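Student: I have a structure here, written as structure tokens, and I will follow up with some questions on it.
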Amino acid sequence: MACTFPIEREMAVWPPPAPLRELLLDADPDERRIADHLAHGELYVAKNCGTAAGVIVIRQTREHTWEIMNCSVAPEYRRQHCGTALVRHALDIIRNKGGRYAEVGTSDASPGPMALYESCGFQISGVINNHFTDNYPEPVWDNGVQCIDMIRMRADLSLRKKGAHHAAQKA
């Protein structure tokens, strides 16, 4: 039986409680960036039996454009559709707020997250060369691979109406 992950908005404050802090730092090791995202964004938490299974932070960056600033799933909940549930929930919220575009930046060393975002309607829109080496004081690693470039991705929410992913899955 597949897990379901109820998702709720939580107070976006720094520092967050330990389990949320660990999840946020797993996606971005820079506490200052996370604190800024929380101060100007919205934090949503997916739970399983009251335990934080994953987090996502969204933030409006321009008119009609929002960005996923942080998305992380606890290791024990990966490959159980928790990340997909978080991203789709965020896209629904962005769409309901009048957003037309959703953007995200992910590491070139992260094929799993890139595939997740693509499955939710994102397409590669650009690359920021040397982002991780130029903007972090220490090397950033993902699954034993050093992160160098940031892959920018964008979804046009006007092309995909709310619930369309469910209809596409059933077809």
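Following the order of the structure tokens, chains are lettered A, B, ..., residues in each are numbered from 1, and ligands are numbered from 1.
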Select from segment 3-167 of chain A everything DSSP, run on the backbone, classes as alpha helix (DSSP H), then give the selection as a PyMOL selection string.
Tutor: chain A and resi 18-27+31-40+82-96+111-119+131-135+164-167
Student: How would the residues just chosen look if you wrote them out with N, CA and C atoms as a compact mmCIF listing (two decimals), in the first residue's frame?
Tutor:
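selection14.txt, freshly written:
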```
# COMPACT_ATOMS: atom_id res chain seq x y z
N ALA A 18 14.36 20.85 15.13
CA ALA A 18 15.46 20.00 14.65
C ALA A 18 15.12 19.13 13.44
N PRO A 19 14.02 18.38 13.42
CA PRO A 19 13.79 17.53 12.25
C PRO A 19 13.63 18.32 10.95
N LEU A 20 12.97 19.48 11.03
CA LEU A 20 12.80 20.31 9.83
C LEU A 20 14.13 20.94 9.43
N ARG A 21 14.90 21.36 10.41
CA ARG A 21 16.21 21.96 10.13
C ARG A 21 17.11 20.98 9.40
N GLU A 22 17.11 19.72 9.83
CA GLU A 22 17.94 18.71 9.18
C GLU A 22 17.51 18.50 7.74
N LEU A 23 16.21 18.47 7.49
CA LEU A 23 15.72 18.30 6.13
C LEU A 23 16.11 19.50 5.26
N LEU A 24 15.92 20.70 5.76
CA LEU A 24 16.26 21.90 5.00
C LEU A 24 17.76 21.95 4.69
N LEU A 25 18.59 21.60 5.67
CA LEU A 25 20.04 21.61 5.46
C LEU A 25 20.49 20.50 4.51
N ASP A 26 19.71 19.43 4.40
CA ASP A 26 20.05 18.37 3.46
C ASP A 26 19.96 18.89 2.03
N ALA A 27 19.03 19.80 1.77
CA ALA A 27 18.86 20.34 0.42
C ALA A 27 19.77 21.54 0.17
N GLU A 31 22.96 27.90 6.03
CA GLU A 31 21.92 28.32 6.97
C GLU A 31 21.40 29.73 6.67
N ARG A 32 22.29 30.61 6.21
CA ARG A 32 21.86 31.98 5.91
C ARG A 32 20.85 32.01 4.76
N ARG A 33 21.11 31.19 3.75
CA ARG A 33 20.16 31.13 2.62
C ARG A 33 18.81 30.58 3.08
N ILE A 34 18.86 29.52 3.87
CA ILE A 34 17.62 28.92 4.36
C ILE A 34 16.83 29.92 5.21
N ALA A 35 17.53 30.62 6.10
CA ALA A 35 16.86 31.62 6.94
C ALA A 35 16.19 32.69 6.08
N ASP A 36 16.87 33.12 5.01
CA ASP A 36 16.31 34.12 4.11
C ASP A 36 15.09 33.57 3.38
N HIS A 37 15.18 32.34 2.90
CA HIS A 37 14.03 31.73 2.21
C HIS A 37 12.83 31.62 3.15
N LEU A 38 13.08 31.22 4.39
CA LEU A 38 11.99 31.09 5.35
C LEU A 38 11.40 32.46 5.70
N ALA A 39 12.25 33.48 5.81
CA ALA A 39 11.78 34.82 6.16
C ALA A 39 10.88 35.41 5.07
N HIS A 40 11.11 35.00 3.82
CA HIS A 40 10.37 35.59 2.71
C HIS A 40 9.50 34.59 1.95
N CYS A 82 6.73 10.96 -1.91
CA CYS A 82 6.62 12.11 -1.01
C CYS A 82 7.08 13.39 -1.72
N GLY A 83 8.20 13.31 -2.43
CA GLY A 83 8.71 14.47 -3.17
C GLY A 83 7.72 14.92 -4.22
N THR A 84 7.14 13.97 -4.93
CA THR A 84 6.13 14.29 -5.95
C THR A 84 4.94 14.99 -5.30
N ALA A 85 4.49 14.47 -4.16
CA ALA A 85 3.35 15.08 -3.47
C ALA A 85 3.68 16.52 -3.05
N LEU A 86 4.89 16.74 -2.55
CA LEU A 86 5.29 18.09 -2.13
C LEU A 86 5.32 19.05 -3.31
N VAL A 87 5.95 18.63 -4.41
CA VAL A 87 6.07 19.52 -5.58
C VAL A 87 4.69 19.81 -6.16
N ARG A 88 3.85 18.81 -6.30
CA ARG A 88 2.51 19.04 -6.86
C ARG A 88 1.68 19.93 -5.94
N HIS A 89 1.83 19.73 -4.64
CA HIS A 89 1.12 20.59 -3.68
C HIS A 89 1.59 22.04 -3.86
N ALA A 90 2.88 22.24 -3.96
CA ALA A 90 3.43 23.59 -4.14
C ALA A 90 2.92 24.20 -5.45
N LEU A 91 2.88 23.43 -6.51
CA LEU A 91 2.39 23.95 -7.80
C LEU A 91 0.92 24.35 -7.71
N ASP A 92 0.12 23.57 -6.99
CA ASP A 92 -1.28 23.92 -6.80
C ASP A 92 -1.42 25.23 -6.02
N ILE A 93 -0.60 25.40 -4.99
CA ILE A 93 -0.65 26.63 -4.19
C ILE A 93 -0.24 27.82 -5.05
N ILE A 94 0.85 27.66 -5.79
CA ILE A 94 1.33 28.76 -6.65
C ILE A 94 0.25 29.14 -7.66
N ARG A 95 -0.35 28.15 -8.28
CA ARG A 95 -1.41 28.39 -9.27
C ARG A 95 -2.59 29.11 -8.60
N ASN A 96 -2.98 28.67 -7.40
CA ASN A 96 -4.11 29.28 -6.69
C ASN A 96 -3.82 30.72 -6.25
N PRO A 111 20.55 13.81 -10.52
CA PRO A 111 19.62 13.32 -11.55
C PRO A 111 18.25 12.95 -10.98
N GLY A 112 18.17 12.48 -9.73
CA GLY A 112 16.89 12.13 -9.13
C GLY A 112 15.95 13.32 -9.02
N PRO A 113 16.38 14.41 -8.38
CA PRO A 113 15.51 15.58 -8.31
C PRO A 113 15.15 16.15 -9.69
N MET A 114 16.10 16.13 -10.62
CA MET A 114 15.78 16.64 -11.96
C MET A 114 14.66 15.82 -12.60
N ALA A 115 14.73 14.50 -12.45
CA ALA A 115 13.67 13.64 -13.00
C ALA A 115 12.34 13.91 -12.30
N LEU A 116 12.37 14.14 -10.99
CA LEU A 116 11.14 14.47 -10.25
C LEU A 116 10.52 15.74 -10.80
N TYR A 117 11.33 16.80 -10.93
CA TYR A 117 10.79 18.06 -11.42
C TYR A 117 10.27 17.92 -12.85
N GLU A 118 10.97 17.20 -13.69
CA GLU A 118 10.50 16.98 -15.06
C GLU A 118 9.16 16.24 -15.07
N SER A 119 8.99 15.27 -14.16
CA SER A 119 7.72 14.53 -14.10
C SER A 119 6.57 15.42 -13.64
N HIS A 131 27.95 27.62 -10.09
CA HIS A 131 27.14 28.21 -9.02
C HIS A 131 27.58 27.72 -7.63
N PHE A 132 27.74 26.43 -7.48
CA PHE A 132 28.04 25.88 -6.15
C PHE A 132 29.48 26.16 -5.72
N THR A 133 30.40 26.19 -6.67
CA THR A 133 31.79 26.49 -6.31
C THR A 133 31.99 27.98 -6.06
N ASP A 134 31.20 28.82 -6.73
CA ASP A 134 31.35 30.27 -6.56
C ASP A 134 30.56 30.83 -5.37
N ASN A 135 29.52 30.14 -4.90
CA ASN A 135 28.63 30.72 -3.90
C ASN A 135 28.61 30.02 -2.55
N ALA A 164 -4.43 18.00 -13.48
CA ALA A 164 -4.16 17.41 -14.80
C ALA A 164 -3.22 16.22 -14.69
N HIS A 165 -2.32 16.25 -13.71
CA HIS A 165 -1.38 15.14 -13.58
C HIS A 165 -2.11 13.85 -13.21
N HIS A 166 -3.22 13.97 -12.48
CA HIS A 166 -3.99 12.77 -12.12
C HIS A 166 -4.65 12.17 -13.36
N ALA A 167 -5.21 13.03 -14.20
CA ALA A 167 -5.87 12.54 -15.42
C ALA A 167 -4.84 11.90 -16.36
```
Student: Applying 7 Å and only C-alpha atoms, which residues near Ala74 of chain A remain after dropping the ones on its own chain fewer than 4 positions away? List them as a VMD selection string.
Tutor: chain A and resid 23 53 to 54 78
Student: Could you pull out the strand (DSSP E) residues of segment 38-156 of chain A from DSSP and send them as an MDAnalysis selection string?
Tutor: chainID A and resid 42:48 51:62 65:73 101:107 123:128 141:142 145:146 150:156
Student: Nearest to Pro137 of chain A among A:Pro29, A:Gln60, A:Ala46, A:Glu10, with distances taken over only C-alpha atoms: which residue is it?
Tutor: A:Pro29
Student: Applying 6 Å and only C-alpha atoms, which residues near Val104 of chain A remain after dropping the ones on its own chain fewer than 2 positions away? List them as an MDAnalysis selection string.
Tutor: chainID A and resid 67:68 152:153
